[in-house]
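*Asks:* What follows is a structure written as structure tokens; I'll ask about it next.
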Amino acid sequence: MADPRFFPHAGELSLAEVAARTGSKLVNCPDPTVKVDDVAPLEAAKPSDVSFLENRRYLDALARSGAGACLIPGDLVPRAPAHMALLVTGAPRRNFARLGWCFHPEPGFEPGVCPGARVAASARLGAGSRVEPGAVIGERVEIGEGCLIGANTVINDAVVIGCGTRIGANVTLSHSVIGERCEILPGARIGQHGFGFDLGGDGTVRMPHLGRVMIEDDVEIGANCTIDRGAGPDTRIGRGSMLDNLVHLAHNVQLGCGCIVVAQVGIAGSTRLGDHVVIGGQTGIVGHIDIGDRARIAGRAGVHRNIPPDGAVGGSPAVPIDEWRRSVAILRQLARRGPKVLKPGKGGGSNG
């Protein structure tokens, strides 16, 4: 079971209740009233746990698992061990996640403004919200109902935060409008001016950044992310997008809905991403390009030109993914052969 000091437990569920909550069909289960009390990976699961299998690579782990029940696709049911109750579903991993939240729901909080927090008189704090110690809320800030503002977070003047949004400790927000049910993890910096300037013989002039950061509903911003406000147009993050830790979005970046951006990605200014784009970790993307809907970018890529919808690229500079894989395979073959002395063929010698 998950450590109860950190993850409060909501109680047991019968296998029949698990099936109902996940929309699964019970198979190999003589007694649907049997109780389970947690979720766990196949390798660590006990008889009181529910696990899941989605990838055939883990069939050996399934065979060895001590899990009492498993969420599993229908075609893999014959490969499961006889002792295990099966919850047949087309989306094992997704339902495993849903079940995990049933056993370990998001912890609640006591509403109110804690001692040591400072809330400006003109700020509006929605019912059921909490402001933790050391937080500073500026003038004309609007915070919706049921929000959590973490310790030592600073929310500058006129920022708007939608209902049910949770903001971690030591976050700074300015020039931002944030939607409902968002989660901003500790240390994020959102709304600062971007890296824009003009170079000339008489010195450097910093460009004004007169836009905002617009974050739509159900977005997650990872720890220590930095998101610059727009220089004129807004920086925008679409509904349901997820940013991992240490991601940087420069001024005017436009992220569509449902995008996934893995850790240490940097996206330069004015680049536009469509919906459901996935970007692997440590990727760098230049500014002023367009990346189409559902594009896939492999980790550590260097993207320097447009990517069409449904495109997949890898490498630095990034090229179509199949071309990149062929290049990697050829380099491996050359490395295995070792260095060779190239000898000129007939007629191929040099006269000088």
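As shown in the structure tokens, the chain order sets the letters A, B, ...; within each chain, residues go from 1, and ligands are also counted from 1 in the order they appear.
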Could you name the residues that touch Asn55 in chain A at 10 Å or less, counting only C-alpha atoms, but leaving out those on the same chain fewer than 4 positions away, as a ChimeraX atom specification?
*Replies:* /A:59,72-73,76,92-93
*Asks:* Please, could you write that set of residues out with all heavy atoms as an mmCIF file, in the first residue's frame?
*Replies:*
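This is the output file again-v4.cif:
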```
data_model
loop_
_atom_site.group_PDB
_atom_site.id
_atom_site.type_symbol
_atom_site.label_atom_id
_atom_site.label_comp_id
_atom_site.auth_asym_id
_atom_site.auth_seq_id
_atom_site.Cartn_x
_atom_site.Cartn_y
_atom_site.Cartn_z
ATOM 1 N N LEU A 59 4.198 -9.553 -20.194
ATOM 2 C CA LEU A 59 3.469 -10.797 -19.949
ATOM 3 C C LEU A 59 4.177 -11.685 -18.926
ATOM 4 O O LEU A 59 3.520 -12.358 -18.126
ATOM 5 C CB LEU A 59 3.278 -11.559 -21.264
ATOM 6 C CG LEU A 59 2.168 -11.025 -22.169
ATOM 7 C CD1 LEU A 59 2.234 -11.679 -23.556
ATOM 8 C CD2 LEU A 59 0.796 -11.266 -21.536
ATOM 9 N N ILE A 72 -7.081 -5.623 -17.777
ATOM 10 C CA ILE A 72 -6.391 -6.306 -18.872
ATOM 11 C C ILE A 72 -7.235 -6.235 -20.144
ATOM 12 O O ILE A 72 -8.477 -6.286 -20.069
ATOM 13 C CB ILE A 72 -6.107 -7.775 -18.471
ATOM 14 C CG1 ILE A 72 -5.165 -8.464 -19.433
ATOM 15 C CG2 ILE A 72 -7.396 -8.568 -18.301
ATOM 16 C CD1 ILE A 72 -4.668 -9.815 -18.918
ATOM 17 N N PRO A 73 -6.620 -6.100 -21.312
ATOM 18 C CA PRO A 73 -7.405 -6.152 -22.552
ATOM 19 C C PRO A 73 -7.889 -7.572 -22.827
ATOM 20 O O PRO A 73 -7.272 -8.562 -22.398
ATOM 21 C CB PRO A 73 -6.417 -5.672 -23.623
ATOM 22 C CG PRO A 73 -5.068 -5.900 -23.047
ATOM 23 C CD PRO A 73 -5.192 -5.798 -21.564
ATOM 24 N N LEU A 76 -5.628 -10.590 -24.077
ATOM 25 C CA LEU A 76 -4.576 -11.132 -23.219
ATOM 26 C C LEU A 76 -5.127 -11.937 -22.050
ATOM 27 O O LEU A 76 -4.356 -12.446 -21.237
ATOM 28 C CB LEU A 76 -3.688 -10.001 -22.702
ATOM 29 C CG LEU A 76 -2.915 -9.229 -23.779
ATOM 30 C CD1 LEU A 76 -2.030 -8.171 -23.145
ATOM 31 C CD2 LEU A 76 -2.083 -10.166 -24.645
ATOM 32 N N PRO A 92 -6.787 -0.356 -20.140
ATOM 33 C CA PRO A 92 -6.318 -0.759 -18.809
ATOM 34 C C PRO A 92 -5.561 0.338 -18.058
ATOM 35 O O PRO A 92 -5.799 0.564 -16.870
ATOM 36 C CB PRO A 92 -5.402 -1.955 -19.106
ATOM 37 C CG PRO A 92 -5.845 -2.461 -20.439
ATOM 38 C CD PRO A 92 -6.301 -1.260 -21.200
ATOM 39 N N ARG A 93 -4.662 1.010 -18.726
ATOM 40 C CA ARG A 93 -3.843 2.013 -18.039
ATOM 41 C C ARG A 93 -4.681 3.206 -17.580
ATOM 42 O O ARG A 93 -4.521 3.713 -16.463
ATOM 43 C CB ARG A 93 -2.715 2.478 -18.955
ATOM 44 C CG ARG A 93 -1.693 3.373 -18.297
ATOM 45 C CD ARG A 93 -0.501 3.560 -19.240
ATOM 46 N NE ARG A 93 0.563 4.297 -18.600
ATOM 47 C CZ ARG A 93 0.714 5.635 -18.665
ATOM 48 N NH1 ARG A 93 -0.164 6.349 -19.364
ATOM 49 N NH2 ARG A 93 1.706 6.238 -18.060
#
```
*Asks:* Using only C-alpha atoms, determine which residues lie at most 12 Å from Asp157 in chain A, disregarding the query and same-chain residues fewer than 3 positions distant; provide the list as a ChimeraX atom specification.
*Replies:* /A:119-124,136-143,154,160-161,172-177,191
*Asks:* One decimal, Å: what's the distance from CA of Gly280 in chain A over to CA of Arg305 in chain A, could you say?
*Replies:* 16.7 Å
*Asks:* Considering only C-alpha atoms, return as a ChimeraX atom specification whatever protein or nucleic-acid residues lie within 12 Å of range 217-222 of chain A, sequence-local ones (same chain, fewer than 4 positions apart) excluded.
*Replies:* /A:161-168,171,177-190,226-227,236-249,255-265
*Asks:* Name the closest residue to Glu110 in chain A among the candidates A:Ile267, A:Leu125, A:Ala10, A:Leu148; distances are taken between atoms, counting only C-alpha atoms.
*Replies:* A:Leu148
*Asks:* Would you give me, as number ranges by chain, the residues in range 23-144 of chain A that DSSP reads as strand (DSSP E or B)?
*Replies:* A: 25-27, 35-36, 38-39, 49-52, 69-72, 85-88, 112-113, 118-119, 124-125, 130-131, 136-137, 142-143
*Asks:* Check range 43-160 of chain A with DSSP on the backbone and list each residue it calls helix (DSSP H, G or I), as an NGL selection string.
*Replies:* :A and (56-64 or 74-79 or 92-103)
*Asks:* Write out, as an mmCIF file, in the first residue's frame, the residues just selected, with N, CA, C and O atoms.
*Replies:*
```
data_model
loop_
_atom_site.group_PDB
_atom_site.id
_atom_site.type_symbol
_atom_site.label_atom_id
_atom_site.label_comp_id
_atom_site.auth_asym_id
_atom_site.auth_seq_id
_atom_site.Cartn_x
_atom_site.Cartn_y
_atom_site.Cartn_z
ATOM 1 N N ARG A 56 2.287 -6.031 -24.133
ATOM 2 C CA ARG A 56 2.637 -7.459 -24.154
ATOM 3 C C ARG A 56 4.048 -7.727 -23.657
ATOM 4 O O ARG A 56 4.366 -8.865 -23.282
ATOM 5 N N ARG A 57 4.888 -6.728 -23.631
ATOM 6 C CA ARG A 57 6.253 -6.919 -23.131
ATOM 7 C C ARG A 57 6.265 -7.353 -21.670
ATOM 8 O O ARG A 57 7.273 -7.896 -21.187
ATOM 9 N N TYR A 58 5.175 -7.120 -20.961
ATOM 10 C CA TYR A 58 5.146 -7.420 -19.530
ATOM 11 C C TYR A 58 4.340 -8.681 -19.214
ATOM 12 O O TYR A 58 3.909 -8.878 -18.085
ATOM 13 N N LEU A 59 4.198 -9.553 -20.194
ATOM 14 C CA LEU A 59 3.469 -10.797 -19.949
ATOM 15 C C LEU A 59 4.177 -11.685 -18.926
ATOM 16 O O LEU A 59 3.520 -12.358 -18.126
ATOM 17 N N ASP A 60 5.508 -11.696 -18.930
ATOM 18 C CA ASP A 60 6.233 -12.478 -17.926
ATOM 19 C C ASP A 60 5.965 -11.939 -16.522
ATOM 20 O O ASP A 60 5.809 -12.709 -15.566
ATOM 21 N N ALA A 61 5.913 -10.601 -16.384
ATOM 22 C CA ALA A 61 5.598 -10.013 -15.080
ATOM 23 C C ALA A 61 4.178 -10.357 -14.656
ATOM 24 O O ALA A 61 3.915 -10.586 -13.464
ATOM 25 N N LEU A 62 3.262 -10.432 -15.613
ATOM 26 C CA LEU A 62 1.890 -10.845 -15.303
ATOM 27 C C LEU A 62 1.873 -12.260 -14.744
ATOM 28 O O LEU A 62 1.194 -12.545 -13.744
ATOM 29 N N ALA A 63 2.610 -13.152 -15.373
ATOM 30 C CA ALA A 63 2.625 -14.550 -14.940
ATOM 31 C C ALA A 63 3.167 -14.695 -13.521
ATOM 32 O O ALA A 63 2.737 -15.582 -12.776
ATOM 33 N N ARG A 64 4.108 -13.835 -13.120
ATOM 34 C CA ARG A 64 4.732 -13.925 -11.796
ATOM 35 C C ARG A 64 4.014 -13.080 -10.746
ATOM 36 O O ARG A 64 4.333 -13.164 -9.558
ATOM 37 N N GLY A 74 -8.973 -7.692 -23.563
ATOM 38 C CA GLY A 74 -9.597 -8.997 -23.779
ATOM 39 C C GLY A 74 -8.703 -10.006 -24.451
ATOM 40 O O GLY A 74 -8.759 -11.209 -24.122
ATOM 41 N N ASP A 75 -7.827 -9.580 -25.365
ATOM 42 C CA ASP A 75 -7.008 -10.547 -26.107
ATOM 43 C C ASP A 75 -5.906 -11.168 -25.260
ATOM 44 O O ASP A 75 -5.318 -12.183 -25.651
ATOM 45 N N LEU A 76 -5.628 -10.590 -24.077
ATOM 46 C CA LEU A 76 -4.576 -11.132 -23.219
ATOM 47 C C LEU A 76 -5.127 -11.937 -22.050
ATOM 48 O O LEU A 76 -4.356 -12.446 -21.237
ATOM 49 N N VAL A 77 -6.429 -12.088 -21.974
ATOM 50 C CA VAL A 77 -7.042 -12.862 -20.885
ATOM 51 C C VAL A 77 -6.474 -14.281 -20.804
ATOM 52 O O VAL A 77 -6.164 -14.774 -19.702
ATOM 53 N N PRO A 78 -6.277 -15.003 -21.916
ATOM 54 C CA PRO A 78 -5.747 -16.370 -21.802
ATOM 55 C C PRO A 78 -4.340 -16.443 -21.225
ATOM 56 O O PRO A 78 -3.921 -17.518 -20.777
ATOM 57 N N ARG A 79 -3.608 -15.347 -21.187
ATOM 58 C CA ARG A 79 -2.232 -15.375 -20.680
ATOM 59 C C ARG A 79 -2.151 -15.085 -19.185
ATOM 60 O O ARG A 79 -1.066 -15.127 -18.609
ATOM 61 N N PRO A 92 -6.787 -0.356 -20.140
ATOM 62 C CA PRO A 92 -6.318 -0.759 -18.809
ATOM 63 C C PRO A 92 -5.561 0.338 -18.058
ATOM 64 O O PRO A 92 -5.799 0.564 -16.870
ATOM 65 N N ARG A 93 -4.662 1.010 -18.726
ATOM 66 C CA ARG A 93 -3.843 2.013 -18.039
ATOM 67 C C ARG A 93 -4.681 3.206 -17.580
ATOM 68 O O ARG A 93 -4.521 3.713 -16.463
ATOM 69 N N ARG A 94 -5.574 3.639 -18.434
ATOM 70 C CA ARG A 94 -6.431 4.774 -18.089
ATOM 71 C C ARG A 94 -7.320 4.445 -16.898
ATOM 72 O O ARG A 94 -7.480 5.249 -15.973
ATOM 73 N N ASN A 95 -7.880 3.242 -16.896
ATOM 74 C CA ASN A 95 -8.740 2.846 -15.791
ATOM 75 C C ASN A 95 -7.942 2.577 -14.510
ATOM 76 O O ASN A 95 -8.459 2.767 -13.401
ATOM 77 N N PHE A 96 -6.694 2.139 -14.654
ATOM 78 C CA PHE A 96 -5.811 1.995 -13.491
ATOM 79 C C PHE A 96 -5.615 3.367 -12.830
ATOM 80 O O PHE A 96 -5.660 3.484 -11.592
ATOM 81 N N ALA A 97 -5.420 4.392 -13.644
ATOM 82 C CA ALA A 97 -5.263 5.741 -13.101
ATOM 83 C C ALA A 97 -6.535 6.190 -12.382
ATOM 84 O O ALA A 97 -6.483 6.738 -11.271
ATOM 85 N N ARG A 98 -7.671 5.958 -12.999
ATOM 86 C CA ARG A 98 -8.939 6.343 -12.360
ATOM 87 C C ARG A 98 -9.133 5.616 -11.033
ATOM 88 O O ARG A 98 -9.591 6.204 -10.046
ATOM 89 N N LEU A 99 -8.781 4.344 -11.023
ATOM 90 C CA LEU A 99 -8.940 3.570 -9.796
ATOM 91 C C LEU A 99 -7.993 4.061 -8.706
ATOM 92 O O LEU A 99 -8.356 4.103 -7.520
ATOM 93 N N GLY A 100 -6.783 4.456 -9.095
ATOM 94 C CA GLY A 100 -5.841 4.998 -8.122
ATOM 95 C C GLY A 100 -6.394 6.217 -7.406
ATOM 96 O O GLY A 100 -6.225 6.374 -6.185
ATOM 97 N N TRP A 101 -7.107 7.081 -8.158
ATOM 98 C CA TRP A 101 -7.714 8.250 -7.530
ATOM 99 C C TRP A 101 -8.884 7.862 -6.628
ATOM 100 O O TRP A 101 -9.197 8.589 -5.673
ATOM 101 N N CYS A 102 -9.526 6.720 -6.900
ATOM 102 C CA CYS A 102 -10.585 6.248 -5.990
ATOM 103 C C CYS A 102 -10.008 5.878 -4.622
ATOM 104 O O CYS A 102 -10.587 6.199 -3.578
ATOM 105 N N PHE A 103 -8.867 5.182 -4.633
ATOM 106 C CA PHE A 103 -8.259 4.769 -3.368
ATOM 107 C C PHE A 103 -7.523 5.926 -2.687
ATOM 108 O O PHE A 103 -7.430 5.969 -1.455
#
```
*Asks:* Which residues, written as a ChimeraX atom specification, have at least one atom at most 9 Å from Asn252 in chain A, with only C-alpha atoms counted and residues fewer than 2 positions away on the same chain left out?
*Replies:* /A:194,211-213,228-236,249-250,254,268-272
*Asks:* Between CA of Val27 in chain A and CA of Glu43 in chain A, what distance in Å does the model show, to one decimal?
*Replies:*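 For CA of Val27 in chain A relative to CA of Glu43 in chain A, the distance reads 21.3 Å.
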*Asks:* Give me the residues within 8 Å of Ser65 in chain A as a list of chain:residue names, counting only C-alpha atoms and dropping any in the same chain fewer than 6 places off.
*Replies:*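 The residues satisfying every condition are A:Leu42, A:Glu43, A:Ala44, A:Ala45, A:Lys46.
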*Asks:* Excluding same-chain residues fewer than 3 positions from range 16-19 of chain A, what lies within 7 Å of it counting only C-alpha atoms, as a ChimeraX atom specification?
*Replies:* /A:13,22-26,32-33,87
*Asks:* Could you save the residues just selected, with C-alpha atoms, as a PDB file, in the first residue's frame?
*Replies:*
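Output file again29.pdb follows:
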```
ATOM      1  CA  LEU A  13     -13.725  -1.601  -2.683  1.00  0.00           C
ATOM      2  CA  THR A  22     -13.856   1.347 -14.344  1.00  0.00           C
ATOM      3  CA  GLY A  23     -16.495   0.090 -16.757  1.00  0.00           C
ATOM      4  CA  SER A  24     -14.764  -3.306 -16.852  1.00  0.00           C
ATOM      5  CA  LYS A  25     -16.111  -6.834 -17.195  1.00  0.00           C
ATOM      6  CA  LEU A  26     -15.243  -9.258 -14.392  1.00  0.00           C
ATOM      7  CA  PRO A  32     -17.298 -10.381  -6.782  1.00  0.00           C
ATOM      8  CA  THR A  33     -17.644  -9.316  -3.135  1.00  0.00           C
ATOM      9  CA  LEU A  87     -11.164  -6.786 -15.180  1.00  0.00           C
TER      10      LEU A  87
END
```
*Asks:* Let me make sure I understand: among A:Pro107, A:Val253, A:Arg130, A:Arg21, which one has the smallest atom-to-atom distance to His9 in chain A if we use only C-alpha atoms?
*Replies:* A:Pro107
*Asks:* Which residues are close to Lys35 in chain A, i.e. within 12 Å by only C-alpha atoms, leaving aside same-chain residues fewer than 5 positions away? Reply as a list of chain:residue names.
*Replies:*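 My reading of the contact set: A:Gly11, A:Glu12, A:Leu13, A:Ser14, A:Leu15, A:Ala16, A:Glu17, A:Val18, A:Ala19, A:Cys29, A:Pro47, A:Ser48, A:Asp49, A:Val50, A:Gly68, A:Ala69, A:Ala85.
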*Asks:* Kindly export the residues of the current selection with N, CA, C and O atoms, as an mmCIF file, in the first residue's frame.
*Replies:*
```
data_model
loop_
_atom_site.group_PDB
_atom_site.id
_atom_site.type_symbol
_atom_site.label_atom_id
_atom_site.label_comp_id
_atom_site.auth_asym_id
_atom_site.auth_seq_id
_atom_site.Cartn_x
_atom_site.Cartn_y
_atom_site.Cartn_z
ATOM 1 N N GLY A 11 -10.256 3.740 1.672
ATOM 2 C CA GLY A 11 -10.970 2.532 2.067
ATOM 3 C C GLY A 11 -11.009 1.480 0.973
ATOM 4 O O GLY A 11 -10.510 1.677 -0.138
ATOM 5 N N GLU A 12 -11.611 0.348 1.311
ATOM 6 C CA GLU A 12 -11.662 -0.798 0.404
ATOM 7 C C GLU A 12 -12.800 -0.659 -0.616
ATOM 8 O O GLU A 12 -13.759 0.076 -0.416
ATOM 9 N N LEU A 13 -12.659 -1.449 -1.695
ATOM 10 C CA LEU A 13 -13.725 -1.601 -2.683
ATOM 11 C C LEU A 13 -13.862 -3.082 -3.007
ATOM 12 O O LEU A 13 -12.863 -3.819 -3.043
ATOM 13 N N SER A 14 -15.074 -3.535 -3.243
ATOM 14 C CA SER A 14 -15.249 -4.899 -3.737
ATOM 15 C C SER A 14 -14.875 -4.932 -5.216
ATOM 16 O O SER A 14 -14.869 -3.905 -5.913
ATOM 17 N N LEU A 15 -14.580 -6.130 -5.709
ATOM 18 C CA LEU A 15 -14.265 -6.263 -7.133
ATOM 19 C C LEU A 15 -15.449 -5.846 -7.995
ATOM 20 O O LEU A 15 -15.260 -5.288 -9.091
ATOM 21 N N ALA A 16 -16.650 -6.074 -7.523
ATOM 22 C CA ALA A 16 -17.832 -5.628 -8.262
ATOM 23 C C ALA A 16 -17.853 -4.099 -8.354
ATOM 24 O O ALA A 16 -18.189 -3.530 -9.406
ATOM 25 N N GLU A 17 -17.491 -3.413 -7.257
ATOM 26 C CA GLU A 17 -17.436 -1.951 -7.281
ATOM 27 C C GLU A 17 -16.323 -1.455 -8.198
ATOM 28 O O GLU A 17 -16.488 -0.460 -8.926
ATOM 29 N N VAL A 18 -15.189 -2.153 -8.178
ATOM 30 C CA VAL A 18 -14.090 -1.775 -9.077
ATOM 31 C C VAL A 18 -14.532 -1.888 -10.530
ATOM 32 O O VAL A 18 -14.274 -1.008 -11.351
ATOM 33 N N ALA A 19 -15.210 -2.979 -10.849
ATOM 34 C CA ALA A 19 -15.692 -3.166 -12.215
ATOM 35 C C ALA A 19 -16.648 -2.050 -12.622
ATOM 36 O O ALA A 19 -16.581 -1.521 -13.736
ATOM 37 N N CYS A 29 -13.681 -14.645 -11.729
ATOM 38 C CA CYS A 29 -13.926 -14.080 -10.404
ATOM 39 C C CYS A 29 -15.118 -14.790 -9.765
ATOM 40 O O CYS A 29 -16.270 -14.359 -9.936
ATOM 41 N N PRO A 47 -2.109 -9.737 -3.010
ATOM 42 C CA PRO A 47 -3.483 -10.209 -3.288
ATOM 43 C C PRO A 47 -4.568 -9.171 -3.047
ATOM 44 O O PRO A 47 -5.649 -9.273 -3.612
ATOM 45 N N SER A 48 -4.289 -8.157 -2.232
ATOM 46 C CA SER A 48 -5.287 -7.112 -1.981
ATOM 47 C C SER A 48 -5.174 -5.944 -2.963
ATOM 48 O O SER A 48 -5.873 -4.938 -2.815
ATOM 49 N N ASP A 49 -4.299 -6.060 -3.967
ATOM 50 C CA ASP A 49 -4.064 -4.971 -4.916
ATOM 51 C C ASP A 49 -4.668 -5.269 -6.281
ATOM 52 O O ASP A 49 -4.797 -6.439 -6.688
ATOM 53 N N VAL A 50 -4.963 -4.198 -7.015
ATOM 54 C CA VAL A 50 -5.338 -4.278 -8.424
ATOM 55 C C VAL A 50 -4.173 -3.729 -9.242
ATOM 56 O O VAL A 50 -3.648 -2.648 -8.951
ATOM 57 N N GLY A 68 -4.156 -9.540 -6.796
ATOM 58 C CA GLY A 68 -5.426 -10.240 -6.684
ATOM 59 C C GLY A 68 -6.320 -10.008 -7.881
ATOM 60 O O GLY A 68 -7.189 -10.841 -8.181
ATOM 61 N N ALA A 69 -6.121 -8.890 -8.580
ATOM 62 C CA ALA A 69 -6.942 -8.573 -9.745
ATOM 63 C C ALA A 69 -6.110 -7.743 -10.704
ATOM 64 O O ALA A 69 -5.135 -7.084 -10.307
ATOM 65 N N ALA A 85 -8.197 -12.530 -10.509
ATOM 66 C CA ALA A 85 -9.438 -12.008 -11.070
ATOM 67 C C ALA A 85 -9.092 -10.981 -12.145
ATOM 68 O O ALA A 85 -8.142 -10.205 -11.995
#
```
*Asks:* Select, from A:Thr283, A:Gln333, A:Asn224, A:Thr153, the residue with the minimum atom-to-atom distance to Ala318 in chain A, counting only C-alpha atoms.
*Replies:*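 Under the stated criterion, the closest residue is A:Thr283.
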